[in-house]
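Shown here: work12.txt, compact mmCIF, C-alpha atoms and all ligand atoms.
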# COMPACT_ATOMS: atom_id res chain seq x y z
CA MET A 69 0.00 0.00 0.00
CA SER A 70 1.34 3.43 -0.85
CA GLN A 71 2.16 5.85 1.94
CA ALA A 72 -0.69 8.20 1.02
CA ALA A 73 -3.26 5.45 1.26
CA ALA A 74 -1.86 3.84 4.43
CA PRO A 75 -4.62 3.58 7.00
CA ILE A 76 -4.39 5.88 10.01
CA PRO A 77 -3.66 4.03 13.26
CA VAL A 78 -6.26 4.41 16.00
CA THR A 79 -5.52 3.83 19.68
CA VAL A 80 -8.45 3.38 22.06
CA LEU A 81 -7.70 4.35 25.67
CA THR A 82 -10.03 2.71 28.10
CA GLY A 83 -10.15 1.91 31.82
CA TYR A 84 -12.63 2.35 34.64
CA LEU A 85 -13.56 5.73 36.13
CA GLY A 86 -10.52 7.38 37.66
CA ALA A 87 -8.00 4.73 36.62
CA GLY A 88 -5.69 7.23 34.91
CA LYS A 89 -6.77 7.60 31.26
CA THR A 90 -6.48 11.39 31.17
CA THR A 91 -3.11 11.14 32.92
CA LEU A 92 -1.91 8.89 30.09
CA LEU A 93 -3.49 11.08 27.42
CA ASN A 94 -1.72 14.15 28.82
CA ARG A 95 1.57 12.27 28.78
CA ILE A 96 1.06 11.35 25.14
CA LEU A 97 0.14 14.92 24.22
CA THR A 98 3.10 16.53 25.99
CA GLU A 99 5.91 14.12 25.19
CA ASP A 100 8.21 14.97 22.32
CA HIS A 101 7.57 12.10 19.93
CA GLY A 102 7.29 14.13 16.75
CA LYS A 103 3.81 12.84 15.98
CA LYS A 104 0.56 14.73 15.74
CA TYR A 105 -2.58 13.20 17.15
CA ALA A 106 -6.23 13.92 16.59
CA VAL A 107 -7.93 13.26 19.92
CA ILE A 108 -11.52 12.22 20.53
CA VAL A 109 -12.71 12.42 24.14
CA ASN A 110 -15.99 10.99 25.37
CA GLU A 111 -17.08 11.64 28.93
CA PHE A 112 -19.77 10.68 31.40
CA GLY A 113 -21.49 13.52 33.23
CA GLU A 114 -22.67 16.75 31.75
CA THR A 115 -20.33 19.57 32.49
CA GLY A 116 -17.45 19.04 30.09
CA ILE A 117 -14.89 19.11 32.88
CA ASP A 118 -12.72 16.45 31.27
CA ASN A 119 -11.85 18.62 28.36
CA ASP A 120 -10.57 21.24 30.79
CA LEU A 121 -8.29 18.69 32.41
CA VAL A 122 -6.56 17.73 29.18
CA VAL A 123 -3.38 19.74 28.68
CA ASP A 124 -3.36 22.66 26.28
CA THR A 125 -1.69 21.57 23.07
CA ASP A 126 -2.11 22.42 19.44
CA GLU A 127 -3.71 19.03 18.92
CA GLU A 128 -7.32 19.11 17.85
CA ILE A 129 -9.64 17.70 20.45
CA PHE A 130 -13.15 16.53 19.63
CA GLN A 131 -15.59 16.09 22.45
CA MET A 132 -18.48 13.69 22.44
CA ASN A 133 -20.62 14.51 25.44
CA ASN A 134 -24.04 13.43 24.36
CA GLY A 135 -23.89 9.95 25.72
CA CYS A 136 -21.67 6.98 26.19
CA ILE A 137 -19.42 6.25 23.24
CA CYS A 138 -20.26 2.58 23.30
CA CYS A 139 -24.03 3.08 22.98
CA THR A 140 -25.76 6.12 21.69
CA VAL A 141 -22.93 7.94 20.05
CA ARG A 142 -21.35 5.40 17.75
CA GLY A 143 -22.93 7.24 14.85
CA ASP A 144 -21.20 10.39 16.10
CA LEU A 145 -17.90 8.54 16.24
CA VAL A 146 -18.25 7.47 12.62
CA ARG A 147 -19.12 11.04 11.63
CA ILE A 148 -16.15 12.52 13.53
CA ILE A 149 -13.77 10.04 11.92
CA ASP A 150 -15.24 10.70 8.47
CA GLY A 151 -14.72 14.42 9.08
CA LEU A 152 -11.16 13.83 10.25
CA MET A 153 -10.34 11.84 7.15
CA LYS A 154 -11.15 14.85 5.03
CA ARG A 155 -8.27 16.61 6.76
CA LYS A 156 -5.82 13.80 6.25
CA GLY A 157 -2.20 14.86 6.37
CA ARG A 158 -2.77 17.13 9.36
CA PHE A 159 -2.26 14.31 11.85
CA ASP A 160 -0.52 10.96 12.04
CA ALA A 161 -2.78 9.00 14.31
CA ILE A 162 -6.06 9.10 16.21
CA LEU A 163 -6.49 8.67 19.96
CA ILE A 164 -9.88 7.96 21.50
CA GLU A 165 -10.36 8.30 25.25
CA THR A 166 -13.57 6.51 26.20
CA THR A 167 -15.60 7.13 29.34
CA GLY A 168 -14.77 4.96 32.31
CA LEU A 169 -18.09 3.20 31.84
CA ALA A 170 -17.60 2.27 28.21
CA ASP A 171 -17.41 -1.27 26.98
CA PRO A 172 -14.52 -1.16 24.50
CA ALA A 173 -16.02 -3.85 22.26
CA PRO A 174 -18.59 -1.71 20.44
CA VAL A 175 -16.02 1.06 20.06
CA ALA A 176 -13.63 -1.42 18.45
CA GLN A 177 -16.49 -2.79 16.34
CA THR A 178 -16.91 0.60 14.71
CA PHE A 179 -13.55 0.09 13.01
CA PHE A 180 -14.70 -3.13 11.40
CA MET A 181 -18.38 -2.51 10.75
CA ASP A 182 -18.39 0.79 8.94
CA ASP A 183 -16.95 0.32 5.45
CA ASP A 184 -15.64 3.81 5.07
CA VAL A 185 -13.99 3.86 8.47
CA ARG A 186 -12.54 0.41 7.88
CA ALA A 187 -10.96 1.46 4.61
CA LYS A 188 -9.22 4.50 6.07
CA THR A 189 -8.22 3.53 9.59
CA ARG A 190 -6.54 0.66 11.38
CA LEU A 191 -7.32 -0.16 15.00
CA ASP A 192 -3.81 -0.24 16.44
CA ALA A 193 -4.46 -1.26 20.02
CA ILE A 194 -6.88 -1.10 22.90
CA VAL A 195 -4.93 0.24 25.85
CA THR A 196 -6.59 -0.27 29.23
CA VAL A 197 -5.51 1.63 32.33
CA VAL A 198 -6.24 -0.26 35.54
CA ASP A 199 -6.35 1.19 39.07
CA ALA A 200 -4.28 -1.25 41.14
CA LEU A 201 -6.01 -0.18 44.36
CA ASN A 202 -9.60 -0.55 43.15
CA LEU A 203 -9.61 -3.19 40.40
CA ALA A 204 -10.65 -6.09 42.61
CA LYS A 205 -13.76 -4.23 43.81
CA ARG A 206 -14.65 -3.16 40.27
CA LEU A 207 -14.37 -6.71 38.95
CA ASP A 208 -16.95 -7.63 41.60
CA ASP A 209 -19.46 -4.89 40.94
CA SER A 210 -18.89 -3.49 37.43
CA PRO A 211 -19.17 -5.61 34.29
CA GLU A 212 -17.53 -2.84 32.24
CA ALA A 213 -14.31 -3.16 34.23
CA GLU A 214 -14.02 -6.83 33.29
CA ASP A 215 -14.78 -6.12 29.62
CA GLN A 216 -12.11 -3.44 29.56
CA VAL A 217 -9.50 -5.90 30.85
CA ALA A 218 -10.71 -8.71 28.57
CA PHE A 219 -10.43 -6.62 25.41
CA ALA A 220 -7.09 -4.97 26.12
CA ASP A 221 -4.02 -5.45 24.00
CA VAL A 222 -1.91 -3.47 26.46
CA ILE A 223 -2.73 -2.99 30.14
CA LEU A 224 -1.18 -0.29 32.30
CA LEU A 225 -1.40 -1.55 35.85
CA ASN A 226 -1.42 1.95 37.30
CA LYS A 227 -1.29 3.47 40.81
CA VAL A 228 1.27 0.91 41.96
CA ASP A 229 2.28 3.49 44.60
CA LEU A 230 -1.01 2.85 46.43
CA VAL A 231 -0.67 -0.91 46.95
CA SER A 232 1.70 -3.38 48.62
CA ALA A 233 3.81 -5.82 46.61
CA ASP A 234 1.50 -8.66 47.69
CA ASP A 235 -1.62 -6.84 46.57
CA LEU A 236 0.02 -6.05 43.27
CA LYS A 237 0.70 -9.74 42.73
CA ARG A 238 -2.94 -10.54 43.43
CA VAL A 239 -4.16 -7.88 40.98
CA ARG A 240 -1.79 -9.22 38.33
CA ALA A 241 -3.19 -12.71 38.82
CA GLU A 242 -6.76 -11.40 38.47
CA ILE A 243 -5.83 -9.66 35.24
CA ARG A 244 -4.14 -12.76 33.91
CA ALA A 245 -7.19 -14.88 34.70
CA ILE A 246 -9.31 -12.60 32.51
CA ASN A 247 -6.78 -11.82 29.82
CA PRO A 248 -3.69 -13.98 29.47
CA TYR A 249 -2.56 -12.26 26.26
CA ALA A 250 -2.26 -8.57 26.97
CA ARG A 251 1.07 -7.02 27.74
CA VAL A 252 0.88 -5.79 31.37
CA ILE A 253 3.05 -2.85 32.39
CA GLU A 254 3.18 -1.57 35.98
CA THR A 255 3.08 2.21 36.22
CA GLU A 256 2.83 5.14 38.59
CA ARG A 257 0.91 8.06 37.07
CA CYS A 258 1.02 6.18 33.76
CA LYS A 259 4.73 6.77 33.39
CA VAL A 260 5.53 4.47 30.51
CA ASP A 261 7.74 4.49 27.46
CA LEU A 262 5.19 5.58 24.86
CA GLY A 263 6.58 3.08 22.38
CA GLU A 264 4.96 0.44 24.61
CA VAL A 265 1.55 1.98 24.07
CA LEU A 266 1.45 3.61 20.63
CA ASP A 267 1.92 2.13 17.18
CA ARG A 268 1.92 -1.39 18.55
CA GLY A 269 0.05 -3.07 15.74
CA ALA A 270 -1.35 -5.11 18.59
CA PHE A 271 -5.06 -5.40 17.93
CA ASP A 272 -5.80 -8.97 17.05
CA LEU A 273 -9.24 -9.60 15.64
CA ASN A 274 -8.87 -13.37 15.90
CA ARG A 275 -8.14 -13.19 19.59
CA ILE A 276 -11.12 -10.92 20.15
CA LEU A 277 -13.33 -13.35 18.25
CA SER A 278 -12.15 -16.08 20.60
CA VAL A 279 -13.22 -13.93 23.59
CA GLU A 280 -16.47 -12.80 21.98
CA PRO A 281 -17.45 -14.92 18.95
CA THR A 282 -20.31 -12.59 18.04
CA PHE A 283 -18.03 -9.52 18.06
CA LEU A 284 -18.65 -8.66 14.42
CA THR A 285 -22.28 -9.57 14.26
CA GLU A 286 -24.05 -8.60 17.45
CA ASP A 287 -24.39 -5.70 19.77
CA ASN A 288 -24.40 -7.48 23.10
CA HIS A 289 -22.53 -5.21 25.45
CA ARG A 290 -23.37 -4.92 29.10
CA HIS A 291 -24.03 -1.77 31.00
CA ASP A 292 -24.39 -0.80 34.60
CA ASP A 293 -27.53 1.28 34.88
CA GLU A 294 -27.10 1.98 38.56
CA VAL A 295 -24.25 4.39 37.99
CA ARG A 296 -25.45 7.97 37.80
CA SER A 297 -23.93 11.40 37.87
CA ILE A 298 -24.76 14.84 39.15
CA SER A 299 -23.12 18.05 38.02
CA LEU A 300 -23.30 21.11 40.21
CA GLU A 301 -22.45 24.67 39.41
CA ALA A 302 -22.03 27.88 41.41
CA GLY A 303 -20.01 31.08 41.41
CA ASP A 304 -17.19 31.80 43.88
CA LEU A 305 -16.88 29.39 46.79
CA ASP A 306 -15.45 29.76 50.28
CA PRO A 307 -12.40 27.43 50.20
CA GLN A 308 -12.59 26.47 53.87
CA LYS A 309 -16.24 25.52 53.63
CA PHE A 310 -15.56 23.63 50.41
CA PHE A 311 -12.65 21.58 51.78
CA ASP A 312 -14.59 20.75 54.97
CA TRP A 313 -17.57 19.68 52.89
CA ILE A 314 -15.68 17.56 50.35
CA GLY A 315 -13.71 15.91 53.17
CA GLN A 316 -16.95 15.10 54.95
CA GLU A 317 -18.68 13.73 51.82
CA THR A 318 -15.78 11.52 50.83
CA GLN A 319 -15.56 10.16 54.38
CA THR A 320 -19.23 9.28 54.55
CA GLN A 321 -20.12 8.44 50.93
CA GLY A 322 -16.63 7.44 49.71
CA PRO A 323 -17.39 3.79 48.94
CA ASN A 324 -20.20 4.87 46.60
CA ILE A 325 -18.32 7.72 44.96
CA LEU A 326 -16.75 6.15 41.89
CA ARG A 327 -15.39 9.46 40.68
CA LEU A 328 -15.51 13.15 41.44
CA LYS A 329 -13.90 16.02 39.57
CA GLY A 330 -14.31 19.71 39.58
CA ILE A 331 -12.88 23.09 38.75
CA MET A 332 -13.36 25.63 41.53
CA ALA A 333 -13.37 29.41 41.69
CA PHE A 334 -12.36 30.28 45.24
CA LYS A 335 -13.09 33.75 46.56
CA ASP A 336 -10.11 36.12 46.13
CA ASP A 337 -8.14 33.43 44.31
CA PRO A 338 -7.01 34.39 40.78
CA GLU A 339 -6.37 30.73 39.86
CA ARG A 340 -8.61 27.84 38.97
CA TYR A 341 -8.45 25.03 41.52
CA VAL A 342 -8.89 21.46 40.26
CA VAL A 343 -10.25 18.77 42.58
CA GLN A 344 -10.29 15.08 41.67
CA GLY A 345 -11.12 11.96 43.55
CA VAL A 346 -11.78 8.25 43.44
CA HIS A 347 -13.63 6.90 46.51
CA GLN A 348 -11.99 8.34 49.65
CA ILE A 349 -8.84 9.61 47.91
CA VAL A 350 -9.10 13.25 46.90
CA GLU A 351 -6.42 15.40 45.29
CA GLY A 352 -6.45 19.09 44.51
CA ASP A 353 -4.19 21.68 42.98
CA HIS A 354 -4.14 25.06 41.34
CA GLN A 355 -4.23 24.74 37.57
CA ARG A 356 -3.85 28.18 35.98
CA GLU A 357 -5.19 31.71 36.24
CA TRP A 358 -8.76 32.41 35.20
CA LYS A 359 -8.66 34.12 31.83
CA ALA A 360 -10.09 37.62 31.55
CA ASP A 361 -12.92 36.51 29.28
CA GLU A 362 -13.70 33.36 31.25
CA PRO A 363 -16.62 33.43 33.70
CA ARG A 364 -15.53 32.38 37.19
CA ARG A 365 -17.72 29.33 37.67
CA SER A 366 -17.25 26.49 40.14
CA ARG A 367 -18.29 23.17 38.65
CA ILE A 368 -18.14 19.71 40.12
CA VAL A 369 -19.40 16.32 38.97
CA PHE A 370 -19.96 13.26 41.15
CA ILE A 371 -20.37 9.83 39.57
CA GLY A 372 -21.51 6.94 41.71
CA ARG A 373 -24.13 4.54 42.95
CA ASP A 374 -26.79 5.31 45.56
CA LEU A 375 -25.38 8.70 46.38
CA ASP A 376 -27.36 11.20 48.43
CA TRP A 377 -27.90 13.39 45.35
CA ALA A 378 -30.06 15.98 47.10
CA GLY A 379 -27.61 16.20 50.01
CA LEU A 380 -24.70 16.76 47.63
CA LYS A 381 -26.52 19.60 45.93
CA LYS A 382 -27.46 21.24 49.21
CA GLY A 383 -23.95 20.83 50.64
CA PHE A 384 -22.31 22.29 47.56
CA GLU A 385 -24.60 25.28 47.55
CA ALA A 386 -23.78 25.96 51.19
CA CYS A 387 -20.11 26.45 50.17
CA ARG A 388 -20.89 29.65 48.27
CA ALA A 389 -18.73 32.57 49.31
N1 LIG B 401 -1.61 7.90 43.64
C1 LIG B 401 -1.78 7.87 42.33
N2 LIG B 401 -2.72 8.66 41.78
C2 LIG B 401 -2.86 8.61 40.42
C3 LIG B 401 -2.05 7.79 39.60
N3 LIG B 401 -2.43 7.97 38.31
C4 LIG B 401 -3.44 8.88 38.33
N4 LIG B 401 -3.70 9.27 39.60
C5 LIG B 401 -4.76 10.20 40.06
O1 LIG B 401 -6.01 9.55 39.93
C6 LIG B 401 -7.03 10.49 39.57
C7 LIG B 401 -7.70 10.06 38.28
O2 LIG B 401 -6.81 10.17 37.19
P1 LIG B 401 -7.32 10.46 35.70
O3 LIG B 401 -6.13 10.34 34.80
O4 LIG B 401 -8.10 11.70 35.66
O5 LIG B 401 -8.29 9.21 35.52
P2 LIG B 401 -9.32 8.92 34.32
O6 LIG B 401 -9.27 7.46 34.09
O7 LIG B 401 -9.05 9.81 33.17
O8 LIG B 401 -10.69 9.34 35.00
P3 LIG B 401 -12.14 9.46 34.27
O9 LIG B 401 -11.93 10.18 32.97
O10 LIG B 401 -12.96 10.23 35.23
O11 LIG B 401 -12.64 8.09 34.11
C8 LIG B 401 -6.34 11.84 39.47
O12 LIG B 401 -6.51 12.51 40.69
C9 LIG B 401 -4.88 11.47 39.23
O13 LIG B 401 -3.99 12.46 39.69
C10 LIG B 401 -1.04 6.97 40.23
O14 LIG B 401 -0.31 6.20 39.60
N5 LIG B 401 -0.97 7.06 41.58
Reformat the file's structure so that it appears as structure tokens.
Amino acid sequence: MSQAAAPIPVTVLTGYLGAGKTTLLNRILTEDHGKKYAVIVNEFGETGIDNDLVVDTDEEIFQMNNGCICCTVRGDLVRIIDGLMKRKGRFDAILIETTGLADPAPVAQTFFMDDDVRAKTRLDAIVTVVDALNLAKRLDDSPEAEDQVAFADVILLNKVDLVSADDLKRVRAEIRAINPYARVIETERCKVDLGEVLDRGAFDLNRILSVEPTFLTEDNHRHDDEVRSISLEAGDLDPQKFFDWIGQETQTQGPNILRLKGIMAFKDDPERYVVQGVHQIVEGDHQREWKADEPRRSRIVFIGRDLDWAGLKKGFEACRA
């Protein structure tokens, strides 16, 4: 095949809520590898916070926020890729970050089912980021987490800093029991030689057909309907009230909080403050100054099961400055 007609490699980044997908994406976008990526980001929740957490680069980023990539928006994915192909030559490869609740199978299917997409792209690898601390729980309660491991060509066993050597061994064994074929790489904050992740030529349709024989013919993916999200918005907040509140909520509702993330405007603070959490672990840091033309809004999204939604709303509103 001539260079001009060579299909564009596509890497699908998957992994459960909070595992480290955006951390990996930011690494790929900031490292000096001489390649240009078109990035497609799909997120769960309504506020578009994810896009704000991806580093500023000159890469083009397409957001798909109208639903989960593996269900309602596959048509959108095909359309975005079709659109991208009209600008061929401006990028070398495509990266897709799926939501933490996506089943990677239907996303991968798109690259085999749609004739146009199939002719112009090549699914390079499904890269799954796994949270070493929380994987065991997710395999118990979330079918998506198991699918993500089962379909991976490369697995980043991330957050190794949060577990003991024994626990890490156990997690490795659980991964192996589900997927004996994927390359498993242990990482902290997804620090990995990008050659291990990109341009692998790793996606193996025959292996996938052995995991899911109906892969090319049926849409049989599983979904966890109990997971819901709430996005809250306000103006300037009182930082002390906010930190007390978020500490309290993560202590009491932590086991049910699969993910939280927000961008805060604190009173008298010229910088945006980013808060992120998975269960009881919460991190926060200043990100950058608010731009002159940017409204100072505090936004936070909680994703979880059986959360006290009304209580969260009330608590957040009480943090107003
Ligand atoms: N301790 C520790 N924290 C990590 C590591 N990798 C990522 N994190 C933190 O975990 C949180 C989630 O990371 P993200 O990269 O946003 O995870 P994600 O998979 O993109 O999350 P969603 O898009 O919400 O599904 C952030 O607070 C990160 O700073 C790690 O190796 N160790």
Cut-off 9 Å: closest stretch 118-230 of chain A/stretch 275-281 of chain A atom pairs per residue, using only C-alpha atoms, as a tab-separated table:
residue	atom	partner	partner_atom	distance
A:Ala173	CA	A:Ile276	CA	8.9
A:Ala218	CA	A:Val279	CA	7.6
A:Phe219	CA	A:Ile276	CA	6.8
Measure the distance from atom CA of A:Tyr84 to atom CA of A:Leu169 in Å and round it to one decimal.
6.2 Å
Atom pair atom CA of A:Ala204 / atom CA of A:Lys259: separation (Å)
22.1 Å
Given the choices A:Leu93, A:Arg155, A:Ser232, A:Pro248, which gets closest to ligand LIG 401 (chain B) if the distance is worked out from all atoms listed in the file?
A:Leu93
Could you list, as a list in words, all the residues within 7 Å of ligand LIG 401 (chain B), counting all atoms listed in the file?
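Sorted by chain and then by number, the residues are Gly83, Tyr84, Leu85, Gly86, Ala87, Gly88, Lys89, Thr90, Thr91, Leu92, Glu111, Asp118, Thr167, Gly168, Asn226, Lys227, Val228, Asp229, Leu230, Thr255, Glu256, Arg257, Cys258, Arg327, Gln344, Gly345, Val346, Val350 and Glu351 of chain A.
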Given 6 Å of margin on each side, can you work out the centre and size in Å (one decimal) of an axis-aligned box holding every listed atom of stretch 316-319 of chain A, as lines of an AutoDock Vina configuration file?
center_x = -17.1
center_y = 12.6
center_z = 52.9
size_x = 15.1
size_y = 16.9
size_z = 16.1
Given all atoms listed in the file as the counted atoms, nearest of A:Arg296, A:Gln177, A:Thr196, A:His354 to A:Thr282:
A:Gln177
Could you check which of A:Asp312, A:Glu301, A:Glu339, A:Asp361 is closest to A:Ile117, using all atoms listed in the file?
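Result for the nearest residue to A:Ile117: A:Glu301.
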If you measure from atom CA of A:Ala213 to atom CA of A:Thr318, what distance in Å do you get, rounded to one decimal?
22.2 Å
Need to verify the contact set: A:Leu203, 9 Å, only C-alpha atoms, exclusion of same-chain residues closer than 3 positions in sequence. Can you return it as a ChimeraX atom specification?
/A:84,87,198-200,206-208,213,239,242
A:Leu375, A:Leu305, A:Ala176, A:Leu284: which is nearest A:Glu317, counting all atoms listed in the file?
A:Leu375
Which residues come within 10 Å of A:Leu121, counting all atoms listed in the file, excluding same-chain residues fewer than 4 positions away, as a count of residues only?
10
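With distances taken over all atoms listed in the file, A:Thr166 is the one residue among A:Phe370, A:Thr166, A:Asp182, A:Ile148 lying closest to A:Gln216.
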9 Å contact set for A:Asp215, all atoms listed in the file, chain neighbours under 3 positions out, as a PyMOL selection string
chain A and resi 170-173+211-212+218-220+246+289-290
Do you know which residues lie at most 8 Å from (-18.5, -7.0, 15.2), with coordinates as in the file and only C-alpha atoms counted, and could you write them as a PyMOL selection string?
chain A and resi 174+177-178+180-181+282-287
Using C-alpha atoms, can you export the residues from the last selection as a short mmCIF file (atom, residue, chain, number, x, y, z; two decimals), keeping the file's coordinate frame?
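As written to disk, out11.cif reads:
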data_model
loop_
_atom_site.label_atom_id
_atom_site.label_comp_id
_atom_site.auth_asym_id
_atom_site.auth_seq_id
_atom_site.Cartn_x
_atom_site.Cartn_y
_atom_site.Cartn_z
CA PRO A 174 -18.59 -1.71 20.44
CA GLN A 177 -16.49 -2.79 16.34
CA THR A 178 -16.91 0.60 14.71
CA PHE A 180 -14.70 -3.13 11.40
CA MET A 181 -18.38 -2.51 10.75
CA THR A 282 -20.31 -12.59 18.04
CA PHE A 283 -18.03 -9.52 18.06
CA LEU A 284 -18.65 -8.66 14.42
CA THR A 285 -22.28 -9.57 14.26
CA GLU A 286 -24.05 -8.60 17.45
CA ASP A 287 -24.39 -5.70 19.77
#
Nearest to A:Leu273: which of A:Ile162, A:Ile194, A:Leu380, A:Ile223 is it, counting all atoms listed in the file?
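Residue with the minimum atom-to-atom distance to A:Leu273: A:Ile194.
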List every protein, DNA or RNA residue with an atom no more than 10 Å from (-25.1, 2.5, 38.9) in the file's coordinates, counting only C-alpha atoms, and format the result as a PDB file with C-alpha atoms, in the frame of the given file.
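Final file, result16.pdb:
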ATOM      1  CA  LEU A 169     -18.090   3.200  31.840  1.00  0.00           C
ATOM      2  CA  ASP A 209     -19.460  -4.890  40.940  1.00  0.00           C
ATOM      3  CA  SER A 210     -18.890  -3.490  37.430  1.00  0.00           C
ATOM      4  CA  HIS A 291     -24.030  -1.770  31.000  1.00  0.00           C
ATOM      5  CA  ASP A 292     -24.390  -0.800  34.600  1.00  0.00           C
ATOM      6  CA  ASP A 293     -27.530   1.280  34.880  1.00  0.00           C
ATOM      7  CA  GLU A 294     -27.100   1.980  38.560  1.00  0.00           C
ATOM      8  CA  VAL A 295     -24.250   4.390  37.990  1.00  0.00           C
ATOM      9  CA  ARG A 296     -25.450   7.970  37.800  1.00  0.00           C
ATOM     10  CA  SER A 297     -23.930  11.400  37.870  1.00  0.00           C
ATOM     11  CA  ASN A 324     -20.200   4.870  46.600  1.00  0.00           C
ATOM     12  CA  LEU A 326     -16.750   6.150  41.890  1.00  0.00           C
ATOM     13  CA  ILE A 371     -20.370   9.830  39.570  1.00  0.00           C
ATOM     14  CA  GLY A 372     -21.510   6.940  41.710  1.00  0.00           C
ATOM     15  CA  ARG A 373     -24.130   4.540  42.950  1.00  0.00           C
ATOM     16  CA  ASP A 374     -26.790   5.310  45.560  1.00  0.00           C
ATOM     17  CA  LEU A 375     -25.380   8.700  46.380  1.00  0.00           C
TER      18      LEU A 375
END
Near A:Glu264, counting all atoms listed in the file, which residues have an atom at most 9 Å away, once you skip same-chain residues fewer than 6 positions from it, shown as a list in words?
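Here the qualifying residues turn out to be Val222, Arg251 and Ile253 of chain A.
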Put those residues in a file: C-alpha atoms, as a short mmCIF file (atom, residue, chain, number, x, y, z; two decimals), keeping the file's coordinate frame.
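Okay, result_32.cif is ready:
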data_model
loop_
_atom_site.label_atom_id
_atom_site.label_comp_id
_atom_site.auth_asym_id
_atom_site.auth_seq_id
_atom_site.Cartn_x
_atom_site.Cartn_y
_atom_site.Cartn_z
CA VAL A 222 -1.91 -3.47 26.46
CA ARG A 251 1.07 -7.02 27.74
CA ILE A 253 3.05 -2.85 32.39
#
